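Structure data (TSV, C-alpha atoms and all ligand atoms) from structure.tsv:
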chain	number	residue	atom	x	y	z
A	1	MET	CA	-13.34	-2.59	-6.46
A	2	ALA	CA	-10.29	-0.44	-7.15
A	3	GLU	CA	-8.03	-1.60	-9.94
A	4	THR	CA	-5.01	-3.05	-8.14
A	5	GLY	CA	-1.48	-3.63	-9.36
A	6	THR	CA	2.05	-2.29	-9.55
A	7	ASP	CA	1.61	0.17	-12.43
A	8	ILE	CA	3.16	3.45	-11.30
A	9	SER	CA	2.02	5.39	-14.36
A	10	LYS	CA	-1.62	4.39	-13.74
A	11	ALA	CA	-1.31	5.52	-10.13
A	12	ALA	CA	0.32	8.77	-11.26
A	13	ASN	CA	-2.46	9.44	-13.78
A	14	CYS	CA	-5.18	9.06	-11.16
A	15	LEU	CA	-3.30	11.42	-8.83
A	16	LYS	CA	-2.78	14.01	-11.58
A	17	ASN	CA	-6.55	13.92	-12.15
A	18	GLY	CA	-7.31	14.54	-8.47
A	19	MET	CA	-8.39	10.95	-7.72
A	20	PRO	CA	-7.34	9.06	-4.58
A	21	VAL	CA	-4.76	6.26	-4.84
A	22	ALA	CA	-3.80	3.76	-2.14
A	23	ILE	CA	-0.03	3.56	-1.71
A	24	PRO	CA	2.14	1.03	0.11
A	25	THR	CA	4.63	2.24	2.70
A	26	GLU	CA	6.79	0.31	5.14
A	27	THR	CA	4.44	1.28	8.00
A	28	VAL	CA	0.84	0.99	6.75
A	29	TYR	CA	-0.95	1.69	3.45
A	30	GLY	CA	-1.79	5.34	2.82
A	31	LEU	CA	-4.65	6.96	0.92
A	32	ALA	CA	-2.87	9.51	-1.23
A	33	ALA	CA	-3.71	12.76	-3.00
A	34	ASN	CA	-1.75	15.66	-4.47
A	35	ALA	CA	-0.81	17.56	-1.29
A	36	LEU	CA	-0.78	20.88	-3.14
A	37	ASP	CA	-4.35	20.50	-4.44
A	38	SER	CA	-6.98	21.34	-1.78
A	39	VAL	CA	-9.82	19.75	-3.73
A	40	ALA	CA	-7.97	16.44	-4.17
A	41	VAL	CA	-7.09	16.48	-0.46
A	42	ALA	CA	-10.71	17.19	0.50
A	43	ARG	CA	-11.68	13.96	-1.29
A	44	ILE	CA	-9.36	12.01	1.07
A	45	PHE	CA	-11.18	13.39	4.12
A	46	GLU	CA	-14.48	12.51	2.46
A	47	VAL	CA	-13.48	8.93	1.57
A	48	LYS	CA	-12.11	8.27	5.07
A	49	LYS	CA	-14.91	10.17	6.82
A	50	ARG	CA	-12.12	11.89	8.68
A	51	PRO	CA	-12.79	15.07	10.67
A	52	PHE	CA	-11.14	18.13	9.20
A	53	PHE	CA	-9.40	18.95	12.48
A	54	ASP	CA	-7.04	15.96	12.04
A	55	PRO	CA	-4.10	16.99	9.80
A	56	LEU	CA	-2.44	14.80	7.14
A	57	ILE	CA	1.19	13.77	6.75
A	58	VAL	CA	2.89	14.89	3.53
A	59	HIS	CA	5.08	12.27	1.83
A	60	ILE	CA	8.12	13.53	-0.06
A	61	SER	CA	10.75	11.75	-2.16
A	62	GLY	CA	13.85	12.84	-0.27
A	63	ILE	CA	15.44	15.07	2.34
A	64	ASP	CA	16.28	17.69	-0.32
A	65	GLU	CA	12.55	18.42	-0.67
A	66	VAL	CA	12.04	19.54	2.96
A	67	ASP	CA	12.93	23.16	2.27
A	68	LYS	CA	10.30	23.39	-0.49
A	69	TYR	CA	7.50	22.77	1.98
A	70	ALA	CA	8.77	23.72	5.44
A	71	LEU	CA	10.78	26.28	7.37
A	72	GLY	CA	12.99	25.72	10.38
A	73	PHE	CA	14.67	22.45	9.38
A	74	ASN	CA	16.82	22.64	12.51
A	75	ALA	CA	20.04	20.71	13.08
A	76	THR	CA	18.39	17.99	15.20
A	77	ALA	CA	15.62	17.47	12.65
A	78	ARG	CA	18.22	17.25	9.92
A	79	LYS	CA	20.22	14.65	11.83
A	80	LEU	CA	17.10	12.54	12.39
A	81	ALA	CA	16.06	12.81	8.74
A	82	GLN	CA	19.53	11.90	7.51
A	83	HIS	CA	19.61	8.86	9.75
A	84	PHE	CA	16.05	7.54	9.54
A	85	TRP	CA	14.80	8.51	6.06
A	86	PRO	CA	13.52	6.78	4.07
A	87	GLY	CA	11.76	5.30	7.10
A	88	PRO	CA	9.04	5.48	9.75
A	89	LEU	CA	9.74	9.01	11.01
A	90	THR	CA	7.48	12.05	10.53
A	91	LEU	CA	8.93	15.47	11.32
A	92	ILE	CA	6.63	18.33	12.33
A	93	LEU	CA	8.05	21.59	11.01
A	94	THR	CA	6.70	25.09	10.28
A	95	LYS	CA	4.80	24.91	7.02
A	96	LYS	CA	5.34	27.09	4.00
A	97	ALA	CA	2.32	28.74	2.34
A	98	ILE	CA	2.47	26.30	-0.59
A	99	ILE	CA	0.97	23.61	1.71
A	100	PRO	CA	-2.80	24.25	1.77
A	101	ASP	CA	-4.50	24.78	5.14
A	102	ILE	CA	-6.71	21.73	4.61
A	103	VAL	CA	-3.59	19.52	4.84
A	104	SER	CA	-2.47	21.00	8.16
A	105	SER	CA	-6.01	21.52	9.53
A	106	GLY	CA	-5.26	25.21	9.78
A	107	GLN	CA	-2.21	24.72	11.97
A	108	PRO	CA	1.05	26.52	11.18
A	109	THR	CA	2.94	23.22	10.97
A	110	VAL	CA	3.23	20.33	8.50
A	111	GLY	CA	4.23	16.70	9.04
A	112	LEU	CA	6.79	15.47	6.47
A	113	ARG	CA	8.15	12.01	5.84
A	114	VAL	CA	10.03	9.98	3.22
A	115	PRO	CA	8.45	6.52	3.12
A	116	ALA	CA	10.69	3.47	2.70
A	117	HIS	CA	8.92	1.59	-0.04
A	118	PRO	CA	10.45	1.26	-3.52
A	119	LEU	CA	7.11	1.51	-5.41
A	120	THR	CA	5.98	4.60	-3.57
A	121	LEU	CA	9.41	6.21	-3.86
A	122	SER	CA	9.32	5.62	-7.64
A	123	LEU	CA	5.82	7.09	-7.75
A	124	LEU	CA	6.94	10.17	-5.79
A	125	ASN	CA	9.93	10.57	-8.10
A	126	SER	CA	7.63	10.52	-11.12
A	127	LEU	CA	5.40	13.31	-9.78
A	128	ASP	CA	6.03	17.02	-9.47
A	129	PHE	CA	3.99	17.26	-6.25
A	130	PRO	CA	4.17	15.58	-2.82
A	131	LEU	CA	1.48	13.21	-1.52
A	132	ALA	CA	-0.76	13.89	1.45
A	133	ALA	CA	-1.70	10.47	2.79
A	134	PRO	CA	-3.41	9.34	5.97
A	135	SER	CA	-3.64	5.62	6.66
A	136	ALA	CA	-6.04	4.04	4.15
A	137	ASN	CA	-8.77	2.97	6.59
A	138	PRO	CA	-12.15	4.45	7.48
A	139	PHE	CA	-11.59	6.97	10.31
A	140	GLY	CA	-11.18	5.27	13.67
A	141	TYR	CA	-10.76	1.73	12.32
A	142	VAL	CA	-7.65	-0.45	12.25
A	143	SER	CA	-4.91	0.66	9.78
A	144	PRO	CA	-4.36	-1.52	6.66
A	145	THR	CA	-1.12	-3.44	6.18
A	146	THR	CA	-2.00	-5.13	2.86
A	147	ALA	CA	-3.67	-4.01	-0.39
A	148	GLU	CA	-6.50	-6.46	0.41
A	149	HIS	CA	-7.19	-4.68	3.71
A	150	VAL	CA	-7.48	-1.38	1.82
A	151	ASN	CA	-9.77	-2.72	-0.89
A	152	ALA	CA	-12.01	-4.57	1.57
A	153	GLN	CA	-13.15	-1.26	3.03
A	154	LEU	CA	-12.35	1.56	0.63
A	155	GLY	CA	-12.02	-0.30	-2.68
A	156	ASN	CA	-15.09	1.34	-4.20
A	157	GLU	CA	-13.83	4.85	-3.53
A	158	ILE	CA	-10.27	4.55	-4.81
A	159	CYS	CA	-9.03	5.10	-8.37
A	160	TYR	CA	-6.08	2.68	-8.10
A	161	THR	CA	-4.46	0.57	-5.37
A	162	LEU	CA	-0.72	0.25	-5.75
A	163	ASP	CA	0.04	-3.19	-4.35
A	164	GLY	CA	3.41	-3.31	-2.62
A	165	GLY	CA	2.79	-6.47	-0.61
A	166	PRO	CA	2.50	-6.65	3.18
A	167	CYS	CA	4.02	-3.73	5.12
A	168	SER	CA	7.38	-4.53	6.68
A	169	VAL	CA	7.02	-2.42	9.86
A	170	GLY	CA	3.26	-2.70	10.39
A	171	ILE	CA	2.80	0.24	12.75
A	172	GLU	CA	2.68	3.94	11.82
A	173	SER	CA	5.58	6.36	11.80
A	174	THR	CA	6.93	7.97	14.94
A	175	ILE	CA	5.88	11.64	14.90
A	176	VAL	CA	8.45	14.13	16.22
A	177	ALA	CA	8.00	17.88	16.73
A	178	PHE	CA	10.65	20.23	18.11
A	179	GLU	CA	11.02	22.73	20.93
A	180	GLY	CA	14.10	24.53	19.72
A	181	GLU	CA	16.47	21.66	19.01
A	182	ILE	CA	14.78	19.26	21.47
A	183	PRO	CA	12.73	16.45	19.89
A	184	VAL	CA	9.19	16.06	21.21
A	185	VAL	CA	7.60	12.70	20.40
A	186	LEU	CA	3.89	13.20	19.61
A	187	ARG	CA	3.13	9.64	18.48
A	188	LEU	CA	4.98	6.43	19.29
A	189	GLY	CA	5.69	4.44	16.15
A	190	GLY	CA	8.15	2.40	14.15
A	191	ILE	CA	11.20	4.11	15.71
A	192	SER	CA	11.56	4.04	19.49
A	193	THR	CA	12.10	7.17	21.57
A	194	GLY	CA	15.44	5.67	22.67
A	195	ASP	CA	16.60	5.45	19.05
A	196	ILE	CA	15.47	9.05	18.42
A	197	GLU	CA	17.48	10.19	21.46
A	198	ALA	CA	20.55	8.23	20.40
A	199	VAL	CA	20.65	9.95	17.01
A	200	ALA	CA	19.57	13.39	18.27
A	201	GLY	CA	22.23	13.25	20.98
A	202	CYS	CA	19.84	14.59	23.62
A	203	LYS	CA	16.83	13.55	25.72
A	204	ALA	CA	13.48	13.73	23.95
A	205	SER	CA	10.25	14.66	25.64
A	206	GLU	CA	7.04	12.77	25.01
A	207	LYS	CA	3.70	14.55	24.60
A	208	LEU	CA	1.38	11.71	23.76
A	209	ASN	CA	-2.08	13.13	23.88
A	210	LEU	CA	-4.63	10.73	25.28
A	211	SER	CA	-7.22	13.40	25.94
A	212	GLY	CA	-9.25	12.96	22.76
A	213	ASN	CA	-9.34	16.76	22.59
A	214	PRO	CA	-9.86	17.93	19.00
A	215	ALA	CA	-7.91	21.10	19.81
A	216	ALA	CA	-4.83	18.90	20.16
A	217	PRO	CA	-5.11	16.88	16.97
A	218	GLY	CA	-3.18	13.81	16.13
A	219	GLN	CA	-3.60	11.53	19.01
A	220	LEU	CA	-7.19	10.65	19.59
A	221	GLU	CA	-7.89	8.55	22.63
A	222	MET	CA	-10.06	6.16	20.65
A	223	HIS	CA	-8.56	4.87	17.43
A	224	TYR	CA	-7.44	1.74	15.61
A	225	SER	CA	-10.63	0.08	16.86
A	226	PRO	CA	-11.82	-3.30	15.64
A	227	GLY	CA	-15.57	-3.98	15.64
A	228	CYS	CA	-15.36	-6.34	18.61
A	229	VAL	CA	-15.10	-5.22	22.22
A	230	LEU	CA	-11.43	-5.21	23.15
A	231	HIS	CA	-10.11	-5.38	26.73
A	232	LEU	CA	-6.52	-4.76	27.67
A	233	GLY	CA	-4.66	-7.15	29.94
A	234	MET	CA	-4.83	-10.81	30.74
A	235	PRO	CA	-7.19	-11.89	33.53
A	236	ASP	CA	-6.94	-15.34	35.12
A	237	ILE	CA	-8.51	-17.84	32.75
A	238	GLU	CA	-10.76	-19.15	35.57
A	239	VAL	CA	-12.48	-15.78	35.97
A	240	LEU	CA	-13.18	-15.29	32.24
A	241	THR	CA	-16.78	-15.85	31.19
A	242	PHE	CA	-16.03	-18.26	28.40
A	243	HIS	CA	-17.97	-18.11	25.12
A	244	SER	CA	-17.20	-19.18	21.57
A	245	LYS	CA	-16.92	-15.56	20.30
A	246	LEU	CA	-14.26	-14.63	22.86
A	247	ALA	CA	-10.66	-14.38	21.58
A	248	LEU	CA	-7.31	-13.86	23.23
A	249	ILE	CA	-4.50	-11.88	21.61
A	250	ARG	CA	-1.36	-13.23	23.20
A	251	PHE	CA	2.07	-11.66	22.87
A	252	SER	CA	4.22	-14.79	22.55
A	253	GLU	CA	2.46	-17.94	23.73
A	254	LYS	CA	-0.99	-19.41	24.00
A	255	VAL	CA	-2.46	-20.30	27.39
A	256	PRO	CA	-3.16	-24.01	27.91
A	257	ASP	CA	-6.67	-23.97	29.37
A	258	PHE	CA	-8.48	-22.07	26.64
A	259	PRO	CA	-9.49	-23.18	23.11
A	260	GLN	CA	-6.34	-22.90	21.01
A	261	GLU	CA	-8.23	-21.76	17.88
A	262	GLN	CA	-9.55	-18.75	19.79
A	263	GLN	CA	-6.05	-17.52	20.56
A	264	PHE	CA	-3.83	-15.34	18.33
A	265	VAL	CA	-0.11	-15.05	19.00
A	266	LEU	CA	1.74	-11.94	17.81
A	267	SER	CA	5.25	-13.42	17.89
A	268	GLU	CA	6.16	-16.92	19.00
A	269	THR	CA	9.75	-15.83	19.56
A	270	GLY	CA	8.68	-12.77	21.57
A	271	ASP	CA	10.04	-10.38	18.93
A	272	THR	CA	8.36	-6.94	19.12
A	273	LYS	CA	9.27	-6.25	15.47
A	274	GLU	CA	7.33	-9.32	14.31
A	275	ALA	CA	4.49	-8.50	16.72
A	276	ALA	CA	4.17	-4.99	15.26
A	277	VAL	CA	3.98	-6.44	11.74
A	278	LYS	CA	1.14	-8.77	12.80
A	279	LEU	CA	-0.80	-6.46	15.13
A	280	PHE	CA	-3.27	-4.75	12.80
A	281	ALA	CA	-3.86	-7.88	10.68
A	282	THR	CA	-4.68	-9.75	13.89
A	283	LEU	CA	-7.19	-7.10	15.01
A	284	ARG	CA	-8.85	-7.39	11.58
A	285	LYS	CA	-8.90	-11.18	11.83
A	286	LEU	CA	-11.02	-10.93	14.99
A	287	ASP	CA	-13.70	-9.12	13.01
A	288	GLU	CA	-13.37	-11.36	9.95
A	289	GLN	CA	-13.82	-14.45	12.11
A	290	GLY	CA	-16.83	-13.00	13.93
A	291	PHE	CA	-15.37	-12.60	17.43
A	292	THR	CA	-17.39	-10.17	19.54
A	293	GLU	CA	-14.98	-9.79	22.43
A	294	ALA	CA	-11.23	-10.10	22.97
A	295	TRP	CA	-8.61	-9.71	25.65
A	296	ALA	CA	-5.21	-8.48	24.48
A	297	GLU	CA	-2.07	-9.13	26.46
A	298	ALA	CA	0.34	-6.16	26.54
A	299	ALA	CA	3.76	-6.33	24.86
A	300	PRO	CA	6.91	-5.73	26.94
A	301	GLU	CA	7.12	-1.99	27.71
A	302	ASN	CA	10.26	-1.25	25.72
A	303	GLY	CA	11.17	-0.16	22.18
A	304	LEU	CA	8.49	-1.10	19.65
A	305	GLY	CA	6.53	-2.75	22.47
A	306	MET	CA	5.54	0.72	23.69
A	307	ALA	CA	4.08	1.59	20.27
A	308	ILE	CA	2.20	-1.75	20.18
A	309	ASN	CA	0.73	-1.06	23.64
A	310	ASP	CA	-0.18	2.49	22.59
A	311	ARG	CA	-2.20	1.10	19.65
A	312	LEU	CA	-3.84	-1.55	21.86
A	313	LYS	CA	-4.80	1.11	24.43
A	314	ARG	CA	-6.44	3.26	21.78
A	315	ALA	CA	-8.12	0.24	20.16
A	316	ALA	CA	-9.58	-0.63	23.57
A	317	ALA	CA	-10.52	2.95	24.46
A	318	LYS	CA	-14.17	2.69	23.49
A	319	THR	CA	-14.38	-0.17	25.98
A	320	ILE	CA	-12.64	1.85	28.67
A	321	ARG	CA	-14.97	4.79	28.02
A	322	GLY	CA	-17.99	2.49	27.91
A	401	LIG	O1	3.19	5.79	8.99
A	401	LIG	C1	2.44	6.74	8.82
A	401	LIG	O2	2.63	7.84	9.35
A	401	LIG	C2	1.23	6.52	7.89
A	401	LIG	C3	1.73	6.29	6.47
A	401	LIG	C4	0.62	6.19	5.47
A	401	LIG	O3	2.65	7.29	6.14
A	401	LIG	N1	0.35	7.63	7.95
A	401	LIG	C5	-0.45	7.88	8.99
A	401	LIG	O4	-1.34	8.91	8.76
A	401	LIG	O5	-0.43	7.25	10.03
A	401	LIG	P1	-2.58	9.22	9.70
A	401	LIG	O6	-3.28	10.35	9.05
A	401	LIG	O7	-3.35	7.99	9.93
A	401	LIG	O8	-1.93	9.74	11.00
A	401	LIG	C6	-1.21	10.93	10.93
A	401	LIG	C7	-1.11	11.56	12.27
A	401	LIG	C8	-2.45	12.06	12.73
A	401	LIG	O9	-2.62	11.63	14.05
A	401	LIG	C9	-2.28	13.57	12.61
A	401	LIG	O10	-3.05	14.28	13.52
A	401	LIG	C10	-0.79	13.74	12.84
A	401	LIG	O11	-0.24	12.67	12.16
A	401	LIG	N2	-0.31	14.99	12.24
A	401	LIG	C11	-0.23	15.30	10.92
A	401	LIG	N3	0.19	16.56	10.76
A	401	LIG	C12	0.41	17.05	11.99
A	401	LIG	C13	0.83	18.31	12.48
A	401	LIG	N4	1.14	19.32	11.67
A	401	LIG	N5	0.94	18.47	13.83
A	401	LIG	C14	0.62	17.46	14.67
A	401	LIG	N6	0.19	16.24	14.27
A	401	LIG	C15	0.09	16.05	12.95
A	402	MG	MG	-4.46	6.57	10.81
Re-express the file's structure as C-alpha cells.
Amino acid sequence: MAETGTDISKAANCLKNGMPVAIPTETVYGLAANALDSVAVARIFEVKKRPFFDPLIVHISGIDEVDKYALGFNATARKLAQHFWPGPLTLILTKKAIIPDIVSSGQPTVGLRVPAHPLTLSLLNSLDFPLAAPSANPFGYVSPTTAEHVNAQLGNEICYTLDGGPCSVGIESTIVAFEGEIPVVLRLGGISTGDIEAVAGCKASEKLNLSGNPAAPGQLEMHYSPGCVLHLGMPDIEVLTFHSKLALIRFSEKVPDFPQEQQFVLSETGDTKEAAVKLFATLRKLDEQGFTEAWAEAAPENGLGMAINDRLKRAAAKTIRG
C-alpha cells in the first residue's frame, strides 16, 4: 500500500525520481508525474492501463506559468483563467515543444489547469516542473474523491499518496478549448457552461463527444463505470424486478415502496453541489456493498446537474451498448 500522508517533501522526492504520486485536487484525486519527463509520464499510462490516445491534463501553480507551456493564451482564455483559477477549469491551448508528445497524445494542444487545493499548490510551488495528472483510477472506472479510494485500487503502484481529505467539488474540471476567442466546452465539469459564458462575455459552444471515437480523444462514451450494471432513469417501482442486489440512486429523496437500505440519496436538500460531491463515492459504495444492478435518477438538467447527468450517462453506457 502506498505510504500516505501530508508530507510534501516526500511527494516531491518521489516525483523527482520519476515515481507516481497521488495528489488531492478540489475535483478528484490525480495520479501525478513530472509532465516534462516522458518516461515518468509513460508510467502513469501503465499504472492506469490508459490508452495512449487519451491525453493528460498538465497542472501548473499559477496563471503566470501558462506562457511557459502554451501559445495563444487569448483574451477570453485569460479572462476565464483569471476568474476561475485556482479551480475546476482546464484550458486547451496550443502546446509548446517543451511538453512531450506523450502528454498530449501527439496532438498539437495541451490542457492546463491550476488546481484549488492547498497541499497540491504547495507541492507545485516546491517543484521546478508541472504535473501531468489524470484522475487516479484504473482506466474506465469511477474517479476517486478520497485518498482511500486511490489506495484501494492503485495503492500498490504509487510511491506516495498525498492525503488532502475528501474532494470539495467531486466532479472533474470543465474542459474548454477555443475557436478564435469563442469558448468551446469539451467536457462538462465543476463549472457550468452558463458561468463560463458569463465570464467570457459571449456564448460558448458545446462539443461533447459521445461517439467513443479514439480519434476524438477526451470524451469516451463509456467511462466512470462501476462494476454493477447501471441503468439511467427511474421506472415505476411496480415494474421493477425486485432483488436484494438491486439499488436505487436517488437525487433528493427515497421512494417509499422499496427497501430503504437499498437506496442512496445524493442530496436531501436537492443541492447539485452536494450531489456532485457524493456522486463518485456513491457509485463506489454500490460495488463495495455487492450490488449487481442499480437505477440512477437523473439530476435536474441545469448547472452542475448537467455534469452529474453526463457522468451517469457514461457510467451507464456499457449497459446502453449491451
Ligand atoms: O479535474 C480534473 O480535470 C482531474 C484532476 C485530477 O485535475 N483530471 C482529470 O484527468 O479528469 P483525466 O485524465 O481523467 O481526464 C482528462 C481529460 C481526458 O478526457 C482527456 O482526453 C482530456 O482531458 N484532454 C487532455 N488534454 C487534452 C487535449 N489537449 N485536447 C482535448 N482533450 C484533452
Ligand atoms: Mg478520468
- Task: Can you pull out every residue within 9 Å of Ala296 of chain A, counting only C-alpha atoms, but drop anything in the same chain fewer than 5 positions away, and send it as number ranges by chain?
- Result: A: 230-234, 247-251, 312
- Message: Using all atoms listed in the file, which residues have at least one atom no more than 8 Å from ligand LIG 401 (chain A)? Output them as a PyMOL selection string.
- Response: chain A and resi 23-31+53-59+88-90+92-93+103-105+107-113+115+133-136+143+171-175+177+186-187+189-190+216-220
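When only C-alpha atoms and all ligand atoms are used to compute distances to ligand MG 402 (chain A), the closest of the residues A:Thr145, A:Gln263, A:Thr272, A:Asn151 turns out to be A:Thr145.
For the choices A:Phe84, A:Tyr69, A:Phe242, A:Phe45, the atom-to-atom distance to Lys96 of chain A is smallest for A:Tyr69 when using all atoms listed in the file.
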- Message: So the first atom is atom CA of Thr161 of chain A and the second is atom CA of Leu15 of chain A; what is the distance between them in Å, to one decimal place?
- Response: 11.4 Å
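Among the candidate residues A:Thr94, A:Glu297, A:Pro51, A:Tyr224, the one lying nearest to ligand MG 402 (chain A) is A:Tyr224, with distances computed using all atoms listed in the file.
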- Query: Which polymer residues, protein or nucleic acid, are no farther than 10 Å from (12.7, 18.0, 7.3), counting all atoms listed in the file, as a PyMOL selection string?
  - Reply: chain A and resi 60+62-82+85+90-94+110-114
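Atom pair atom CA of Ala42 of chain A / atom CA of Asn17 of chain A: separated by 13.7 Å.
Atom CA of Phe139 of chain A lies 5.8 Å from atom CA of Lys49 of chain A.
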Using all atoms listed in the file, what table do you get, as a tab-separated table, when you list each residue of segment 41-149 of chain A with an atom no more than 10 Å from segment 282-288 of chain A, its nearest pair of atoms, and their distance in Å rounded to one decimal, rows by chain then rising number?
residue	atom	partner	partner_atom	distance
A:Tyr141	CA	A:Arg284	CA	9.3
A:Val142	CA	A:Arg284	CA	7.1
A:Ser143	CA	A:Arg284	CA	9.1
A:Pro144	CA	A:Arg284	CA	8.9
A:His149	CA	A:Arg284	CA	8.5
- Message: Counting all atoms listed in the file, which residue out of A:Pro86, A:Gly155, A:Pro138, A:Pro183 sits closest to ligand MG 402 (chain A)?
- Response: A:Pro138
